[in-house]
Number of protein chains: 2
Amino acid sequence: MFSKACEYGIRAAIYIGQQSAELGRRVGLRDVAAEIDSPEAFTAKVLQQLVRAGLLTSVKGPTGGFELTAQQLATVTLRQIVVAIDGGDMLQGCALGLPQCSAQQPCPLHYQFLPIRDQLNEVLRTHTIGELAGKVHDGLGFLKQFT
Amino acid sequence: MFSKACEYGIRAAIYIGQQSAELGRRVGLRDVAAEIDSPEAFTAKVLQQLVRAGLLTSVKGPTGGFELTAQQLATVTLRQIVVAIDGGDMLQGCALGLPQCSAQQPCPLHYQFLPIRDQLNEVLRTHTIGELAGKVHDGLGFLKQFT
DNA sequence: TTTTTACCGGACAATTTTATCCGGTATTCA
DNA sequence: TGAATACCGGATAAAATTGTCCGGTAAAAA
Ligand code: FES
Ligand code: FES
């Protein structure tokens with residue numbers, strides 16, 4: 001579905017968002033990688049992408065780390081993260097890989113896949129990081145497997 | 001969504017199925033690759049996978065090529081092709097990459113993604129190659145872009 | 001039987017994705 | 001000011017995916 005980079009990016013953003021929202025504190029890379037169970041250096045690259053895209057904030061030096069501002073918590077959507085990392089192909093492209101998806105020359109699956117893709121877009125578009133972070137805080141969602 | 005190999009495999013199977021159903025003739029690799037606009041040698045690898053999985057039939061020598069029997073046309077589903085090439089991860093795995101998707105420890109997107117994944121499974125499970133081949137024959141579906 | 005056709009199988013190569021390492025820079029704190 | 005902290009950026013490497021090449025095998029036709 002999503003690339004590994006995108007999976008890490010989403011999980012990281014939600015974790016950082018939860019810490020920002022509930023505890024008002026920044027979290028370091030080491031902490032993030034441990035809490036979402038991802039490779040540290042690779043996660044750093046993904047977070048840098050998100051920072052450059054303006055979807056989360058970073059601060060250098062001691063007491064530094066990553067955080068989501070109140071504004072980011074309320075407005076950054078899953079879709080923005082997915083687009084920033086994976087691009088829009090999965091959100092617009094043809095399921096069978098035709099160079100473009102359109103009703104002009106639809107692939108044999110076009111009309112079956114449209115509602116699925118629309119629903120995916122809807123989910124990604126209507127959920128903010130703050131909202132998902134709330135679920136984690138309430139114990140309704142997990143970002144790694146606890147044995 | 002799907003891997004390139006899987007996209008080629010689905011398009012190829014539909015094209016071969018259409019030729020088998022409507023014209024009762026086998027098609028060669030060169031023909032397949034041209035009609036679905038895919039790299040020839042790579043497509044050969046994918047077709048070999050599908051033959052080994054019993055989802056389509058190949059015949060060597062002159063007048064040989066690939067075909068779908070009447071039984072295969074009526075019973076082989078998209079899901080079988082996807083599973084044979086990409087495996088079942090996209091059909092069962094967690095959207096955020098957790099090692100397993102379950103309501104025991106759901107990721108924050110679990111309940112939003114379940115209906116999407118269910119609908120995807122339903123589409124793949126309920127459409128046979130013969131059915132999709134019919135759309136191509138009727139001009140309702142395309143397997144490559146005509147300019 | 002010989003030749004030709006076309007799939008099969010394995011090795012190989014290019015590209016993309018995933019992952020690591022390390023020095024540089026900015027920031028905090030003593 | 002100096003030292004420690006932690007993100008930044010580029011280079012590098014490993015792995016997976018995508019793509020190619022070529023000789024081998026089976027089958028049909030001459
Ligand atoms: S043309 Fe294939 S999904 Fe629209
Ligand atoms: S646990 Fe993530 S989709 Fe089910």
# chains A, B, ... in the order shown; residues from 1 in each chain; ligands from 1
>>> residues_near_ligand(ligand="ligand 2", cutoff="12 Å", atoms="only C-alpha atoms (C1' of nucleotides) and all ligand atoms", output="PyMOL selection string")
(chain A and resi 1-2+7+10-11+140-145) or (chain B and resi 89-118)
>>> interface_residues(of="chain A", to="chain C", cutoff="7 Å", atoms="only C-alpha atoms (C1' of nucleotides)", output="JSON list (two decimals) with C-alpha atoms, in the first residue's frame")
[["chain", "number", "residue", "atom", "x", "y", "z"],
["A", 41, "ALA", "CA", 18.90, 6.72, 10.53],
["A", 42, "PHE", "CA", 16.27, 6.01, 7.91],
["A", 60, "LYS", "CA", 18.31, 21.78, 17.16],
["A", 61, "GLY", "CA", 20.47, 21.52, 20.23],
["A", 62, "PRO", "CA", 19.80, 20.38, 23.80]]
>>> interface_residues(of="chain A", to="chain D", cutoff="10 Å", atoms="only C-alpha atoms (C1' of nucleotides)", output="list in words")
Gly28, Leu29, Arg30, Ala44, Lys45, Gln48, Ser58, Val59, Lys60, Gly61, Pro62, Thr63, Gly64, Gly65 and Phe66 of chain A
>>> select_by_dssp(residues="chain B", states="helix (DSSP H, G or I)", output="VMD selection string")
chain B and resid 4 to 23 29 to 36 40 to 52 70 to 75 78 to 86 89 to 92 110 to 126 129 to 137
>>> select_by_dssp(residues="chain A", states="strand (DSSP E or B)", output="ChimeraX atom specification")
/A:27,57-59,65-67,77,128
>>> decode(residues="segment 94-129 of chain B", atoms="N, CA, C and O atoms", output="PDB file, in the first residue's frame")
ATOM      1  N   CYS B  94      -1.211  -4.640   7.736  1.00  0.00           N
ATOM      2  CA  CYS B  94      -1.570  -3.356   8.329  1.00  0.00           C
ATOM      3  C   CYS B  94      -1.187  -2.208   7.391  1.00  0.00           C
ATOM      4  O   CYS B  94      -0.118  -2.223   6.784  1.00  0.00           O
ATOM      5  N   ALA B  95      -2.050  -1.225   7.311  1.00  0.00           N
ATOM      6  CA  ALA B  95      -1.810  -0.081   6.434  1.00  0.00           C
ATOM      7  C   ALA B  95      -0.586   0.721   6.874  1.00  0.00           C
ATOM      8  O   ALA B  95       0.086   1.336   6.047  1.00  0.00           O
ATOM      9  N   LEU B  96      -0.274   0.699   8.154  1.00  0.00           N
ATOM     10  CA  LEU B  96       0.870   1.459   8.661  1.00  0.00           C
ATOM     11  C   LEU B  96       2.092   0.581   8.887  1.00  0.00           C
ATOM     12  O   LEU B  96       3.065   1.011   9.500  1.00  0.00           O
ATOM     13  N   GLY B  97       2.012  -0.685   8.426  1.00  0.00           N
ATOM     14  CA  GLY B  97       3.185  -1.533   8.470  1.00  0.00           C
ATOM     15  C   GLY B  97       3.420  -2.258   9.784  1.00  0.00           C
ATOM     16  O   GLY B  97       4.485  -2.841   9.978  1.00  0.00           O
ATOM     17  N   LEU B  98       2.466  -2.241  10.702  1.00  0.00           N
ATOM     18  CA  LEU B  98       2.639  -3.044  11.924  1.00  0.00           C
ATOM     19  C   LEU B  98       2.744  -4.518  11.523  1.00  0.00           C
ATOM     20  O   LEU B  98       2.147  -4.939  10.550  1.00  0.00           O
ATOM     21  N   PRO B  99       3.517  -5.288  12.314  1.00  0.00           N
ATOM     22  CA  PRO B  99       3.784  -6.672  11.906  1.00  0.00           C
ATOM     23  C   PRO B  99       2.534  -7.496  11.682  1.00  0.00           C
ATOM     24  O   PRO B  99       2.551  -8.439  10.914  1.00  0.00           O
ATOM     25  N   GLN B 100       1.465  -7.188  12.377  1.00  0.00           N
ATOM     26  CA  GLN B 100       0.205  -7.823  11.991  1.00  0.00           C
ATOM     27  C   GLN B 100      -0.984  -6.927  12.293  1.00  0.00           C
ATOM     28  O   GLN B 100      -0.967  -6.151  13.241  1.00  0.00           O
ATOM     29  N   CYS B 101      -1.991  -7.056  11.463  1.00  0.00           N
ATOM     30  CA  CYS B 101      -3.203  -6.246  11.588  1.00  0.00           C
ATOM     31  C   CYS B 101      -4.231  -7.013  12.389  1.00  0.00           C
ATOM     32  O   CYS B 101      -4.675  -8.078  11.982  1.00  0.00           O
ATOM     33  N   SER B 102      -4.580  -6.482  13.541  1.00  0.00           N
ATOM     34  CA  SER B 102      -5.611  -7.160  14.333  1.00  0.00           C
ATOM     35  C   SER B 102      -6.273  -6.167  15.262  1.00  0.00           C
ATOM     36  O   SER B 102      -5.706  -5.128  15.611  1.00  0.00           O
ATOM     37  N   ALA B 103      -7.471  -6.494  15.675  1.00  0.00           N
ATOM     38  CA  ALA B 103      -8.209  -5.623  16.583  1.00  0.00           C
ATOM     39  C   ALA B 103      -7.631  -5.661  17.985  1.00  0.00           C
ATOM     40  O   ALA B 103      -7.978  -4.833  18.829  1.00  0.00           O
ATOM     41  N   GLN B 104      -6.724  -6.604  18.260  1.00  0.00           N
ATOM     42  CA  GLN B 104      -6.083  -6.684  19.568  1.00  0.00           C
ATOM     43  C   GLN B 104      -5.252  -5.438  19.837  1.00  0.00           C
ATOM     44  O   GLN B 104      -5.352  -4.825  20.886  1.00  0.00           O
ATOM     45  N   GLN B 105      -4.398  -5.121  18.853  1.00  0.00           N
ATOM     46  CA  GLN B 105      -3.574  -3.920  18.947  1.00  0.00           C
ATOM     47  C   GLN B 105      -3.658  -3.194  17.628  1.00  0.00           C
ATOM     48  O   GLN B 105      -2.695  -3.209  16.835  1.00  0.00           O
ATOM     49  N   PRO B 106      -4.771  -2.552  17.351  1.00  0.00           N
ATOM     50  CA  PRO B 106      -4.973  -1.903  16.052  1.00  0.00           C
ATOM     51  C   PRO B 106      -4.155  -0.626  15.940  1.00  0.00           C
ATOM     52  O   PRO B 106      -3.951   0.087  16.921  1.00  0.00           O
ATOM     53  N   CYS B 107      -3.668  -0.319  14.734  1.00  0.00           N
ATOM     54  CA  CYS B 107      -3.032   0.967  14.504  1.00  0.00           C
ATOM     55  C   CYS B 107      -4.132   2.037  14.473  1.00  0.00           C
ATOM     56  O   CYS B 107      -5.310   1.705  14.379  1.00  0.00           O
ATOM     57  N   PRO B 108      -3.757   3.309  14.541  1.00  0.00           N
ATOM     58  CA  PRO B 108      -4.780   4.361  14.617  1.00  0.00           C
ATOM     59  C   PRO B 108      -5.678   4.439  13.381  1.00  0.00           C
ATOM     60  O   PRO B 108      -6.706   5.095  13.413  1.00  0.00           O
ATOM     61  N   LEU B 109      -5.264   3.780  12.308  1.00  0.00           N
ATOM     62  CA  LEU B 109      -6.072   3.831  11.086  1.00  0.00           C
ATOM     63  C   LEU B 109      -6.868   2.552  10.851  1.00  0.00           C
ATOM     64  O   LEU B 109      -7.623   2.454   9.875  1.00  0.00           O
ATOM     65  N   HIS B 110      -6.694   1.596  11.736  1.00  0.00           N
ATOM     66  CA  HIS B 110      -7.259   0.272  11.507  1.00  0.00           C
ATOM     67  C   HIS B 110      -8.728   0.292  11.078  1.00  0.00           C
ATOM     68  O   HIS B 110      -9.080  -0.252  10.035  1.00  0.00           O
ATOM     69  N   TYR B 111      -9.558   0.945  11.861  1.00  0.00           N
ATOM     70  CA  TYR B 111     -10.997   0.872  11.582  1.00  0.00           C
ATOM     71  C   TYR B 111     -11.414   1.718  10.383  1.00  0.00           C
ATOM     72  O   TYR B 111     -12.475   1.513   9.809  1.00  0.00           O
ATOM     73  N   GLN B 112     -10.567   2.657  10.013  1.00  0.00           N
ATOM     74  CA  GLN B 112     -10.844   3.411   8.788  1.00  0.00           C
ATOM     75  C   GLN B 112     -10.433   2.618   7.553  1.00  0.00           C
ATOM     76  O   GLN B 112     -11.043   2.743   6.496  1.00  0.00           O
ATOM     77  N   PHE B 113      -9.374   1.802   7.695  1.00  0.00           N
ATOM     78  CA  PHE B 113      -8.870   1.086   6.531  1.00  0.00           C
ATOM     79  C   PHE B 113      -9.555  -0.247   6.310  1.00  0.00           C
ATOM     80  O   PHE B 113      -9.579  -0.749   5.182  1.00  0.00           O
ATOM     81  N   LEU B 114     -10.124  -0.802   7.333  1.00  0.00           N
ATOM     82  CA  LEU B 114     -10.764  -2.100   7.162  1.00  0.00           C
ATOM     83  C   LEU B 114     -11.788  -2.105   6.034  1.00  0.00           C
ATOM     84  O   LEU B 114     -11.723  -2.968   5.156  1.00  0.00           O
ATOM     85  N   PRO B 115     -12.743  -1.180   6.022  1.00  0.00           N
ATOM     86  CA  PRO B 115     -13.742  -1.232   4.929  1.00  0.00           C
ATOM     87  C   PRO B 115     -13.107  -1.062   3.553  1.00  0.00           C
ATOM     88  O   PRO B 115     -13.565  -1.665   2.587  1.00  0.00           O
ATOM     89  N   ILE B 116     -12.058  -0.255   3.465  1.00  0.00           N
ATOM     90  CA  ILE B 116     -11.388  -0.087   2.176  1.00  0.00           C
ATOM     91  C   ILE B 116     -10.763  -1.396   1.738  1.00  0.00           C
ATOM     92  O   ILE B 116     -10.921  -1.836   0.600  1.00  0.00           O
ATOM     93  N   ARG B 117     -10.054  -2.024   2.666  1.00  0.00           N
ATOM     94  CA  ARG B 117      -9.403  -3.284   2.306  1.00  0.00           C
ATOM     95  C   ARG B 117     -10.419  -4.377   2.020  1.00  0.00           C
ATOM     96  O   ARG B 117     -10.237  -5.199   1.124  1.00  0.00           O
ATOM     97  N   ASP B 118     -11.506  -4.371   2.756  1.00  0.00           N
ATOM     98  CA  ASP B 118     -12.550  -5.358   2.497  1.00  0.00           C
ATOM     99  C   ASP B 118     -13.127  -5.186   1.099  1.00  0.00           C
ATOM    100  O   ASP B 118     -13.353  -6.155   0.386  1.00  0.00           O
ATOM    101  N   GLN B 119     -13.340  -3.937   0.731  1.00  0.00           N
ATOM    102  CA  GLN B 119     -13.914  -3.667  -0.585  1.00  0.00           C
ATOM    103  C   GLN B 119     -12.934  -4.083  -1.684  1.00  0.00           C
ATOM    104  O   GLN B 119     -13.329  -4.646  -2.706  1.00  0.00           O
ATOM    105  N   LEU B 120     -11.642  -3.827  -1.446  1.00  0.00           N
ATOM    106  CA  LEU B 120     -10.627  -4.258  -2.403  1.00  0.00           C
ATOM    107  C   LEU B 120     -10.635  -5.771  -2.538  1.00  0.00           C
ATOM    108  O   LEU B 120     -10.653  -6.315  -3.657  1.00  0.00           O
ATOM    109  N   ASN B 121     -10.659  -6.461  -1.414  1.00  0.00           N
ATOM    110  CA  ASN B 121     -10.726  -7.918  -1.449  1.00  0.00           C
ATOM    111  C   ASN B 121     -11.954  -8.394  -2.206  1.00  0.00           C
ATOM    112  O   ASN B 121     -11.881  -9.348  -2.982  1.00  0.00           O
ATOM    113  N   GLU B 122     -13.060  -7.737  -1.972  1.00  0.00           N
ATOM    114  CA  GLU B 122     -14.308  -8.136  -2.624  1.00  0.00           C
ATOM    115  C   GLU B 122     -14.190  -7.996  -4.135  1.00  0.00           C
ATOM    116  O   GLU B 122     -14.575  -8.891  -4.887  1.00  0.00           O
ATOM    117  N   VAL B 123     -13.645  -6.869  -4.575  1.00  0.00           N
ATOM    118  CA  VAL B 123     -13.493  -6.653  -6.018  1.00  0.00           C
ATOM    119  C   VAL B 123     -12.581  -7.718  -6.629  1.00  0.00           C
ATOM    120  O   VAL B 123     -12.887  -8.286  -7.682  1.00  0.00           O
ATOM    121  N   LEU B 124     -11.487  -7.990  -5.960  1.00  0.00           N
ATOM    122  CA  LEU B 124     -10.536  -8.959  -6.516  1.00  0.00           C
ATOM    123  C   LEU B 124     -11.098 -10.380  -6.497  1.00  0.00           C
ATOM    124  O   LEU B 124     -10.825 -11.182  -7.389  1.00  0.00           O
ATOM    125  N   ARG B 125     -11.911 -10.659  -5.496  1.00  0.00           N
ATOM    126  CA  ARG B 125     -12.423 -12.017  -5.318  1.00  0.00           C
ATOM    127  C   ARG B 125     -13.571 -12.334  -6.273  1.00  0.00           C
ATOM    128  O   ARG B 125     -13.764 -13.481  -6.669  1.00  0.00           O
ATOM    129  N   THR B 126     -14.332 -11.320  -6.631  1.00  0.00           N
ATOM    130  CA  THR B 126     -15.567 -11.579  -7.376  1.00  0.00           C
ATOM    131  C   THR B 126     -15.444 -11.333  -8.870  1.00  0.00           C
ATOM    132  O   THR B 126     -16.436 -11.462  -9.583  1.00  0.00           O
ATOM    133  N   HIS B 127     -14.248 -10.963  -9.338  1.00  0.00           N
ATOM    134  CA  HIS B 127     -14.116 -10.757 -10.780  1.00  0.00           C
ATOM    135  C   HIS B 127     -13.202 -11.791 -11.400  1.00  0.00           C
ATOM    136  O   HIS B 127     -12.035 -11.897 -11.020  1.00  0.00           O
ATOM    137  N   THR B 128     -13.729 -12.538 -12.358  1.00  0.00           N
ATOM    138  CA  THR B 128     -12.918 -13.526 -13.061  1.00  0.00           C
ATOM    139  C   THR B 128     -12.272 -12.878 -14.280  1.00  0.00           C
ATOM    140  O   THR B 128     -12.702 -11.819 -14.750  1.00  0.00           O
ATOM    141  N   ILE B 129     -11.241 -13.532 -14.775  1.00  0.00           N
ATOM    142  CA  ILE B 129     -10.570 -13.037 -15.963  1.00  0.00           C
ATOM    143  C   ILE B 129     -11.525 -13.017 -17.156  1.00  0.00           C
ATOM    144  O   ILE B 129     -11.535 -12.065 -17.944  1.00  0.00           O
TER     145      ILE B 129
END
